[in-house]
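Q: Next comes the structure file structure38.csv, holding CSV, C-alpha atoms and all ligand atoms.
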```csv
chain,number,residue,atom,x,y,z
Q,1,MET,CA,0.0,0.0,0.0
Q,2,VAL,CA,1.1,3.6,-0.6
Q,3,HIS,CA,-0.4,7.0,0.2
Q,4,ALA,CA,-2.3,9.0,-2.4
Q,5,ILE,CA,-4.7,11.9,-2.5
Q,6,ARG,CA,-8.0,10.5,-3.6
Q,7,ILE,CA,-11.5,11.8,-4.1
Q,8,HIS,CA,-14.8,9.8,-3.7
Q,9,ALA,CA,-17.0,12.6,-4.9
Q,10,ASN,CA,-16.7,15.9,-6.8
Q,11,GLY,CA,-16.5,19.1,-4.7
Q,12,GLY,CA,-14.3,21.7,-3.1
Q,13,PRO,CA,-10.7,21.1,-1.9
Q,14,GLU,CA,-12.2,19.2,1.2
Q,15,VAL,CA,-12.9,16.2,-1.0
Q,16,LEU,CA,-9.1,15.6,-1.5
Q,17,GLU,CA,-8.3,12.9,1.1
Q,18,TRP,CA,-5.0,11.4,2.0
Q,19,GLU,CA,-5.5,7.6,1.9
Q,20,GLU,CA,-3.8,4.3,1.6
Q,21,VAL,CA,-4.3,2.8,-1.8
Q,22,GLU,CA,-3.2,-0.4,-3.6
Q,23,VAL,CA,-0.9,0.2,-6.5
Q,24,GLY,CA,-0.6,-3.3,-8.1
Q,25,ASP,CA,1.7,-4.5,-10.8
Q,26,PRO,CA,2.0,-2.9,-14.2
Q,27,GLY,CA,0.1,-4.6,-17.0
Q,28,GLU,CA,1.0,-4.7,-20.7
Q,29,GLY,CA,2.4,-1.4,-21.8
Q,30,GLU,CA,2.5,0.0,-18.3
Q,31,ILE,CA,5.2,1.0,-15.8
Q,32,ARG,CA,5.2,1.4,-12.0
Q,33,VAL,CA,6.7,4.7,-11.0
Q,34,ARG,CA,7.8,6.0,-7.6
Q,35,HIS,CA,7.2,9.7,-7.6
Q,36,THR,CA,9.8,12.1,-6.3
Q,37,ALA,CA,7.8,15.2,-7.2
Q,38,VAL,CA,4.3,15.9,-8.5
Q,39,GLY,CA,3.1,18.9,-10.4
Q,40,LEU,CA,0.0,21.0,-9.5
Q,41,ASN,CA,-2.1,22.2,-12.4
Q,42,TYR,CA,-5.3,24.2,-12.9
Q,43,ILE,CA,-6.8,21.3,-14.8
Q,44,ASP,CA,-6.7,19.3,-11.5
Q,45,THR,CA,-9.3,21.6,-10.1
Q,46,TYR,CA,-11.6,21.0,-13.1
Q,47,LEU,CA,-11.4,17.2,-12.4
Q,48,ARG,CA,-11.9,17.7,-8.7
Q,49,THR,CA,-15.1,19.8,-9.2
Q,50,GLY,CA,-16.5,17.5,-11.9
Q,51,ALA,CA,-16.2,20.0,-14.8
Q,52,ARG,CA,-14.6,16.9,-16.4
Q,53,PRO,CA,-16.3,13.7,-15.0
Q,54,LEU,CA,-14.1,10.8,-13.7
Q,55,PRO,CA,-15.1,7.4,-12.4
Q,56,MET,CA,-14.9,7.3,-8.6
Q,57,PRO,CA,-12.9,6.9,-6.4
Q,58,ALA,CA,-10.2,8.8,-8.3
Q,59,VAL,CA,-6.6,9.8,-7.7
Q,60,LEU,CA,-6.1,13.2,-9.4
Q,61,GLY,CA,-2.9,14.7,-10.8
Q,62,MET,CA,-1.5,14.6,-14.4
Q,63,GLU,CA,2.1,15.6,-14.0
Q,64,GLY,CA,4.9,13.9,-12.1
Q,65,ALA,CA,8.6,12.9,-12.0
Q,66,GLY,CA,10.2,9.9,-10.4
Q,67,VAL,CA,11.9,6.6,-10.9
Q,68,VAL,CA,10.7,3.5,-12.8
Q,69,GLU,CA,10.3,0.7,-10.4
Q,70,ALA,CA,8.8,-2.1,-12.6
Q,71,LEU,CA,7.9,-2.7,-16.2
Q,72,GLY,CA,4.9,-4.5,-17.7
Q,73,ALA,CA,5.1,-6.7,-20.8
Q,74,GLY,CA,6.2,-5.1,-24.0
Q,75,VAL,CA,7.7,-1.9,-22.5
Q,76,THR,CA,10.8,-0.8,-24.4
Q,77,ASN,CA,11.0,3.0,-24.1
Q,78,VAL,CA,12.1,3.1,-20.5
Q,79,ALA,CA,14.0,0.7,-18.1
Q,80,VAL,CA,13.8,0.0,-14.4
Q,81,GLY,CA,15.8,2.7,-12.5
Q,82,ASP,CA,15.3,5.4,-15.2
Q,83,ARG,CA,14.4,8.9,-14.1
Q,84,ILE,CA,11.3,9.9,-15.9
Q,85,ALA,CA,8.6,12.6,-16.0
Q,86,TYR,CA,5.2,12.9,-17.7
Q,87,ALA,CA,2.2,15.1,-18.3
Q,88,ASP,CA,-0.9,13.4,-19.6
Q,89,MET,CA,-4.0,11.5,-19.0
Q,90,PRO,CA,-4.9,9.3,-17.1
Q,91,PRO,CA,-4.9,11.2,-13.8
Q,92,GLY,CA,-3.1,9.5,-10.9
Q,93,ALA,CA,-0.1,11.6,-10.1
Q,94,TYR,CA,-1.1,12.6,-6.6
Q,95,ALA,CA,0.4,9.4,-5.2
Q,96,GLU,CA,3.6,8.1,-3.7
Q,97,GLU,CA,3.6,5.5,-6.4
Q,98,ARG,CA,1.4,4.7,-9.4
Q,99,VAL,CA,1.0,2.4,-12.4
Q,100,MET,CA,0.7,4.3,-15.7
Q,101,PRO,CA,1.1,3.9,-19.4
Q,102,ALA,CA,4.7,3.7,-20.5
Q,103,ARG,CA,4.0,5.7,-23.7
Q,104,ILE,CA,3.6,9.0,-21.8
Q,105,ALA,CA,6.9,8.7,-19.9
Q,106,VAL,CA,9.9,10.8,-21.0
Q,107,LYS,CA,13.4,10.0,-19.8
Q,108,LEU,CA,14.9,13.0,-18.0
Q,109,PRO,CA,18.2,14.5,-19.2
Q,110,ASP,CA,20.8,14.9,-16.5
Q,111,GLY,CA,20.4,18.7,-16.5
Q,112,VAL,CA,16.8,18.6,-15.5
Q,113,ASP,CA,16.2,17.7,-11.8
Q,114,ASP,CA,13.0,16.0,-10.7
Q,115,GLN,CA,11.3,19.0,-9.1
Q,116,THR,CA,12.0,21.1,-12.2
Q,117,ALA,CA,10.5,18.3,-14.3
Q,118,ALA,CA,7.4,18.1,-12.2
Q,119,ALA,CA,7.1,21.9,-12.4
Q,120,ALA,CA,7.6,22.1,-16.1
Q,121,MET,CA,6.3,19.0,-18.0
Q,122,LEU,CA,2.7,20.0,-18.3
Q,123,LYS,CA,3.0,23.8,-18.1
Q,124,GLY,CA,6.1,23.9,-20.2
Q,125,MET,CA,4.9,21.5,-22.9
Q,126,THR,CA,1.7,23.6,-23.0
Q,127,ALA,CA,3.7,26.7,-23.6
Q,128,GLN,CA,5.6,24.9,-26.3
Q,129,PHE,CA,2.5,23.7,-28.2
Q,130,LEU,CA,0.8,27.1,-27.8
Q,131,ILE,CA,3.6,29.3,-29.2
Q,132,ARG,CA,5.4,26.8,-31.4
Q,133,GLN,CA,2.7,24.7,-32.9
Q,134,CYS,CA,-0.9,25.9,-32.3
Q,135,PHE,CA,-0.2,29.5,-33.4
Q,136,ARG,CA,3.5,29.6,-34.3
Q,137,VAL,CA,4.9,33.0,-33.4
Q,138,GLU,CA,7.5,34.9,-35.5
Q,139,PRO,CA,10.1,37.3,-34.2
Q,140,GLY,CA,8.8,40.9,-34.3
Q,141,MET,CA,5.2,40.0,-33.4
Q,142,THR,CA,3.4,41.5,-30.5
Q,143,VAL,CA,1.0,39.0,-28.7
Q,144,LEU,CA,-1.3,39.1,-25.7
Q,145,LEU,CA,-0.9,36.5,-23.0
Q,146,HIS,CA,-3.4,36.3,-20.1
Q,147,ALA,CA,-2.4,35.3,-16.5
Q,148,ALA,CA,1.2,36.0,-17.4
Q,149,ALA,CA,2.5,35.4,-13.9
Q,150,GLY,CA,0.9,31.9,-13.6
Q,151,GLY,CA,2.4,28.5,-14.2
Q,152,VAL,CA,2.0,28.4,-18.0
Q,153,GLY,CA,2.3,32.2,-18.0
Q,154,LEU,CA,5.8,32.6,-16.6
Q,155,ILE,CA,7.2,29.9,-18.9
Q,156,ALA,CA,5.4,31.2,-22.0
Q,157,SER,CA,6.5,34.8,-21.3
Q,158,GLN,CA,10.1,33.9,-21.1
Q,159,TRP,CA,9.9,31.7,-24.2
Q,160,LEU,CA,8.1,34.3,-26.3
Q,161,ASN,CA,10.7,36.9,-25.3
Q,162,HIS,CA,13.5,34.5,-26.2
Q,163,LEU,CA,11.8,34.1,-29.7
Q,164,GLY,CA,11.9,37.8,-30.3
Q,165,VAL,CA,8.2,38.4,-29.6
Q,166,THR,CA,6.9,41.5,-27.7
Q,167,VAL,CA,4.7,40.2,-24.9
Q,168,ILE,CA,1.6,42.1,-23.5
Q,169,GLY,CA,0.8,40.2,-20.3
Q,170,THR,CA,-2.2,40.5,-18.1
Q,171,VAL,CA,-1.9,40.0,-14.3
Q,172,GLY,CA,-4.1,40.2,-11.3
Q,173,SER,CA,-1.9,42.3,-8.9
Q,174,PRO,CA,1.0,44.7,-9.0
Q,175,GLU,CA,3.3,42.1,-7.4
Q,176,LYS,CA,2.4,39.7,-10.2
Q,177,GLY,CA,3.1,42.5,-12.7
Q,178,GLU,CA,6.6,42.9,-11.3
Q,179,LEU,CA,7.2,39.1,-11.6
Q,180,ALA,CA,5.9,39.0,-15.1
Q,181,LYS,CA,8.1,41.9,-16.1
Q,182,ALA,CA,11.1,40.1,-14.7
Q,183,HIS,CA,10.2,37.1,-16.8
Q,184,GLY,CA,10.0,38.7,-20.3
Q,185,VAL,CA,6.7,40.6,-20.3
Q,186,HIS,CA,7.2,43.9,-22.0
Q,187,HIS,CA,3.8,45.5,-21.3
Q,188,VAL,CA,2.1,44.6,-18.1
Q,189,VAL,CA,-1.7,45.1,-18.0
Q,190,SER,CA,-3.6,44.9,-14.8
Q,191,TYR,CA,-6.9,43.4,-16.0
Q,192,ASN,CA,-8.7,43.9,-12.7
Q,193,THR,CA,-8.2,47.7,-12.9
Q,194,GLU,CA,-7.5,48.5,-16.6
Q,195,ASN,CA,-9.4,47.8,-19.8
Q,196,PHE,CA,-7.1,45.3,-21.5
Q,197,VAL,CA,-8.8,45.8,-24.9
Q,198,GLU,CA,-8.0,49.6,-24.8
Q,199,ARG,CA,-4.5,48.9,-23.6
Q,200,VAL,CA,-3.8,46.5,-26.4
Q,201,GLN,CA,-5.1,49.0,-28.9
Q,202,GLU,CA,-2.8,51.7,-27.4
Q,203,ILE,CA,0.3,49.5,-27.3
Q,204,THR,CA,-0.2,48.3,-30.9
Q,205,ASP,CA,-1.3,51.7,-32.3
Q,206,GLY,CA,-4.7,50.3,-33.1
Q,207,ALA,CA,-3.4,47.3,-35.1
Q,208,GLY,CA,-4.4,44.7,-32.5
Q,209,VAL,CA,-2.4,41.5,-32.0
Q,210,PRO,CA,-2.2,38.4,-34.3
Q,211,VAL,CA,-2.8,36.0,-31.4
Q,212,VAL,CA,-4.2,36.0,-27.9
Q,213,TYR,CA,-3.3,33.1,-25.6
Q,214,ASP,CA,-6.2,33.0,-23.1
Q,215,GLY,CA,-6.2,30.5,-20.2
Q,216,VAL,CA,-8.6,32.6,-18.1
Q,217,GLY,CA,-11.8,31.8,-20.1
Q,218,LYS,CA,-15.1,33.3,-19.0
Q,219,ASP,CA,-13.9,36.7,-17.8
Q,220,THR,CA,-11.6,37.4,-20.8
Q,221,PHE,CA,-12.9,35.4,-23.7
Q,222,MET,CA,-15.2,38.0,-25.4
Q,223,ASP,CA,-12.8,40.9,-24.9
Q,224,SER,CA,-9.9,38.8,-26.1
Q,225,MET,CA,-11.6,38.6,-29.5
Q,226,LYS,CA,-11.6,42.4,-29.7
Q,227,CYS,CA,-7.8,42.5,-29.3
Q,228,LEU,CA,-7.1,40.7,-32.5
Q,229,SER,CA,-5.9,42.1,-35.8
Q,230,PRO,CA,-7.9,40.9,-38.9
Q,231,LEU,CA,-7.4,37.1,-39.5
Q,232,GLY,CA,-5.9,36.8,-36.0
Q,233,MET,CA,-6.3,33.8,-33.7
Q,234,LEU,CA,-7.8,33.4,-30.3
Q,235,VAL,CA,-6.3,30.4,-28.6
Q,236,THR,CA,-8.6,29.7,-25.7
Q,237,PHE,CA,-6.8,27.0,-23.7
Q,238,GLY,CA,-8.2,27.1,-20.2
Q,239,ASN,CA,-11.0,28.2,-17.9
Q,240,ALA,CA,-9.4,29.5,-14.7
Q,241,SER,CA,-12.4,31.9,-14.3
Q,242,GLY,CA,-15.0,29.4,-15.6
Q,243,ALA,CA,-16.1,28.2,-19.0
Q,244,PRO,CA,-16.7,31.0,-21.6
Q,245,ASP,CA,-20.2,31.8,-22.8
Q,246,PRO,CA,-21.1,30.1,-26.1
Q,247,LEU,CA,-19.5,31.5,-29.1
Q,248,VAL,CA,-21.7,33.4,-31.6
Q,249,LEU,CA,-20.3,32.4,-35.0
Q,250,GLY,CA,-21.1,35.8,-36.5
Q,251,ASP,CA,-18.6,37.4,-34.0
Q,252,LEU,CA,-15.8,35.8,-35.9
Q,253,SER,CA,-16.5,37.9,-39.0
Q,254,THR,CA,-17.4,41.0,-36.9
Q,255,TYR,CA,-13.9,41.0,-35.3
Q,256,GLY,CA,-12.1,40.6,-38.6
Q,257,SER,CA,-12.5,37.1,-39.9
Q,258,ILE,CA,-10.8,35.8,-36.9
Q,259,PHE,CA,-10.1,32.2,-35.9
Q,260,VAL,CA,-10.8,30.6,-32.5
Q,261,THR,CA,-9.3,27.3,-31.3
Q,262,ARG,CA,-9.7,25.4,-28.1
Q,263,PRO,CA,-6.7,23.1,-28.0
Q,264,MET,CA,-5.5,20.4,-25.5
Q,265,LEU,CA,-1.9,19.6,-24.9
Q,266,PHE,CA,-2.6,15.8,-25.1
Q,267,HIS,CA,-3.6,16.1,-28.7
Q,268,TYR,CA,-0.3,17.8,-29.6
Q,269,THR,CA,1.7,15.0,-27.8
Q,270,ALA,CA,-0.4,12.0,-28.9
Q,271,THR,CA,2.4,10.1,-30.8
Q,272,PRO,CA,5.8,9.2,-29.4
Q,273,GLU,CA,7.5,11.4,-32.0
Q,274,ALA,CA,5.3,14.4,-31.2
Q,275,LEU,CA,5.8,13.9,-27.4
Q,276,ALA,CA,9.6,13.6,-27.8
Q,277,ALA,CA,9.8,16.7,-30.0
Q,278,CYS,CA,7.7,18.8,-27.6
Q,279,ALA,CA,9.6,17.6,-24.5
Q,280,ASN,CA,13.0,18.0,-26.2
Q,281,ASP,CA,12.2,21.5,-27.3
Q,282,LEU,CA,11.3,22.3,-23.6
Q,283,PHE,CA,14.4,20.6,-22.2
Q,284,ASP,CA,16.5,22.7,-24.7
Q,285,VAL,CA,15.2,26.1,-23.5
Q,286,ILE,CA,15.6,25.0,-19.9
Q,287,ALA,CA,19.2,23.8,-20.5
Q,288,SER,CA,20.1,27.0,-22.4
Q,289,GLY,CA,18.8,29.1,-19.6
Q,290,ALA,CA,16.3,30.9,-21.9
Q,291,VAL,CA,13.5,29.6,-19.8
Q,292,LYS,CA,13.9,29.4,-16.0
Q,293,ILE,CA,11.3,27.2,-14.2
Q,294,GLU,CA,10.1,29.1,-11.2
Q,295,ILE,CA,8.9,26.8,-8.4
Q,296,ASN,CA,7.3,29.5,-6.2
Q,297,GLN,CA,5.4,27.1,-4.0
Q,298,THR,CA,6.0,23.6,-2.6
Q,299,TYR,CA,3.6,21.6,-0.4
Q,300,ALA,CA,3.8,18.1,1.1
Q,301,LEU,CA,1.6,15.9,-1.1
Q,302,LYS,CA,-0.6,15.2,1.9
Q,303,ASP,CA,-1.4,19.0,1.9
Q,304,THR,CA,-2.7,19.1,-1.6
Q,305,ALA,CA,-6.0,20.5,-0.5
Q,306,GLN,CA,-4.2,23.6,0.7
Q,307,ALA,CA,-2.4,23.9,-2.6
Q,308,HIS,CA,-5.8,23.7,-4.4
Q,309,ILE,CA,-7.2,26.5,-2.1
Q,310,ASP,CA,-4.2,28.7,-2.9
Q,311,LEU,CA,-4.3,28.1,-6.6
Q,312,GLU,CA,-8.0,28.9,-6.9
Q,313,ALA,CA,-7.6,32.0,-4.7
Q,314,ARG,CA,-5.0,33.3,-7.2
Q,315,LYS,CA,-2.4,33.2,-4.5
Q,316,THR,CA,0.2,31.2,-6.4
Q,317,THR,CA,2.7,32.4,-9.1
Q,318,GLY,CA,4.8,30.3,-11.4
Q,319,SER,CA,4.8,26.5,-10.8
Q,320,THR,CA,3.7,24.6,-7.7
Q,321,VAL,CA,5.3,21.2,-6.7
Q,322,LEU,CA,3.8,18.6,-4.3
Q,323,LEU,CA,6.4,16.5,-2.5
Q,324,PRO,CA,5.6,12.9,-1.6
F,401,LIG,N1,-5.4,23.3,-22.9
F,401,LIG,C1,-4.4,22.7,-22.4
F,401,LIG,O1,-3.9,21.7,-22.8
F,401,LIG,C2,-3.9,23.2,-21.1
F,401,LIG,C3,-2.7,22.7,-20.5
F,401,LIG,C4,-2.2,23.3,-19.3
F,401,LIG,C5,-2.9,24.4,-18.7
F,401,LIG,N2,-4.1,24.8,-19.3
F,401,LIG,C6,-4.8,25.9,-18.8
F,401,LIG,O2,-3.9,27.0,-18.6
F,401,LIG,C7,-4.3,27.9,-17.6
F,401,LIG,C8,-3.2,28.1,-16.6
F,401,LIG,O3,-2.9,26.9,-15.9
F,401,LIG,P1,-1.9,26.9,-14.7
F,401,LIG,O4,-1.9,25.5,-14.1
F,401,LIG,O5,-0.6,27.5,-15.2
F,401,LIG,O6,-2.6,27.9,-13.7
F,401,LIG,P2,-2.1,29.4,-13.2
F,401,LIG,O7,-2.0,30.2,-14.4
F,401,LIG,O8,-0.9,29.2,-12.4
F,401,LIG,O9,-3.3,29.8,-12.3
F,401,LIG,C9,-4.5,30.4,-12.9
F,401,LIG,C10,-4.3,31.9,-13.0
F,401,LIG,O10,-5.4,32.4,-13.7
F,401,LIG,C11,-5.7,33.7,-13.2
F,401,LIG,N3,-7.1,33.9,-13.0
F,401,LIG,C12,-7.9,34.8,-13.6
F,401,LIG,N4,-9.2,34.7,-13.2
F,401,LIG,C13,-9.2,33.8,-12.3
F,401,LIG,C14,-10.2,33.3,-11.4
F,401,LIG,N5,-11.5,33.8,-11.5
F,401,LIG,N6,-9.9,32.3,-10.6
F,401,LIG,C15,-8.7,31.8,-10.5
F,401,LIG,N7,-7.7,32.2,-11.3
F,401,LIG,C16,-7.9,33.2,-12.1
F,401,LIG,C17,-4.9,34.0,-11.9
F,401,LIG,O11,-3.8,34.9,-12.2
F,401,LIG,P3,-4.1,36.5,-12.0
F,401,LIG,O12,-4.3,36.6,-10.5
F,401,LIG,O13,-2.8,37.1,-12.4
F,401,LIG,O14,-5.3,36.8,-12.8
F,401,LIG,C18,-4.4,32.6,-11.6
F,401,LIG,O15,-3.2,32.6,-10.9
F,401,LIG,C19,-5.5,27.2,-16.9
F,401,LIG,O16,-6.7,27.7,-17.5
F,401,LIG,C20,-5.3,25.7,-17.4
F,401,LIG,O17,-6.5,25.0,-17.4
F,401,LIG,C21,-4.5,24.3,-20.5
```
Show me the file's structure as structure tokens.
Ligand SMILES: NC(=O)c1ccc[n+]([C@@H]2O[C@H](COP(=O)([O-])OP(=O)(O)OC[C@H]3O[C@@H](n4cnc5c(N)ncnc54)[C@H](OP(=O)(O)O)[C@@H]3O)[C@@H](O)[C@H]2O)c1

A:
Amino acid sequence: MVHAIRIHANGGPEVLEWEEVEVGDPGEGEIRVRHTAVGLNYIDTYLRTGARPLPMPAVLGMEGAGVVEALGAGVTNVAVGDRIAYADMPPGAYAEERVMPARIAVKLPDGVDDQTAAAAMLKGMTAQFLIRQCFRVEPGMTVLLHAAAGGVGLIASQWLNHLGVTVIGTVGSPEKGELAKAHGVHHVVSYNTENFVERVQEITDGAGVPVVYDGVGKDTFMDSMKCLSPLGMLVTFGNASGAPDPLVLGDLSTYGSIFVTRPMLFHYTATPEALAACANDLFDVIASGAVKIEINQTYALKDTAQAHIDLEARKTTGSTVLLP
């Protein structure tokens, strides 16, 4: 038996319970992993509340790093003793040990320690697919990135800056503004006190931006469309403030024949080749120092409920790691 954070019903952070669970042996195509660090992500709160239904009881968590303890039949991409990390379905990372599909495991290079990996795999590969695949930025562009001081935000800001992009970043407090500035955001916009549509128009001399990366959802979605230049793309990739209202198709033409996409990382890393390319791109920017992974909060894994409370109260910045 090992300890895990498990839920038996959807609800608030109080449903996250520290329990003993059976891990079992890995089946075909699976590995057993002993976690050394686990990542906290906003998507974990959607699974906890039931915004995305799961069979109960369920162990949450989609990002972790650790050591391979055992292999199921047919596993060839990793070996017992390898240091690995992952960011994908199925959930189960909030545990001292777990059995999981081998295909989602990535071997860690020596230069990336376990806590950095647990802080970076999901949020960093998300930044990678957003800015390098979904809407591929070019040097000289100016883009809008919401929640720039958050987990995905701090990584994406640094990476965009490294690629020669001018970043307009929204934040919820002056402290977060300072942090975002120190991580590559050129123009900080406080969206609680300023009208971000007007600020984007000012900064871009009325041209708008070719892309908005919006992980905030409900509170920003409609206005994000108004920040785009003609033929621009709204990448709505998360719902930290709730799910956006339904899209009126006519708005796409009203705002300049714009495009809207609602992507998921897991579709961009669905094949071994795509996963390796995405992870290697991330490891390269970490190794070069272009992107620094900021672990601004750590909690004992058994205190995951408190981590959820703080994440949802907008008290966290950068990445949060849970320690088994
Ligand atoms: N589609 C994908 O594949 C994918 C993958 C990873 C993450 N995501 C999404 O990316 C977003 C960021 O994820 P993360 O884990 O890095 O979280 P995070 O950005 O560290 O935390 C969410 C941030 O959103 C902002 N926010 C604005 N309104 C909020 C509200 N009403 N309640 C709570 N927060 C609010 C807060 O920053 P301020 O205080 O500065 O406003 C908060 O810190 C999430 O929406 C997540 O679901 C999507």

Q: Take atom CA of Q:Leu228 and atom CA of Q:Pro210 and report the distance between them in Å, one decimal.

A: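 Those two atoms sit 5.7 Å apart.
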
Q: Need the shell around stretch 232-249 of chain Q: protein/DNA/RNA residues with any atom at most 6 Å away, counting all atoms listed in the file. Skip same-chain ones fewer than 6 positions apart. Format as a list in words?

A: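 Answer for this query is Pro210, Val211, Val212, Tyr213, Asp214, Gly215, Val216, Gly217, Lys218, Ile258, Phe259, Val260, Thr261, Arg262 and Pro263 of chain Q.
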
Q: Using Å and a single decimal, report how far atom CA of Q:Gly140 sits from atom CA of Q:Gly206.

A: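 A separation of 16.5 Å between them.
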
Q: Quick one: residues within 7 Å of ligand LIG 401 (chain F), with only C-alpha atoms and all ligand atoms, as number ranges by chain?

A: Q: 40-43, 122-123, 126, 147-153, 170-173, 176, 215-216, 219, 237-242, 263-266, 311-319

Q: With all atoms listed in the file as the basis for distance, which of Q:Asn161, Q:Thr298, Q:Asn280, Q:Gln201 is at the shortest distance from Q:His183?

A: Q:Asn161

Q: Between Q:Ala87, Q:Val78, Q:Leu275, Q:Leu163, which is the closest to Q:Ala120 once you count only C-alpha atoms?

A: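 Smallest separation from Q:Ala120 among the options: Q:Ala87.
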
Q: How many Å lie between atom CA of Q:Val80 and atom CA of Q:Pro109, rounded to one decimal?

A: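 Distance between the two atoms: 15.9 Å.
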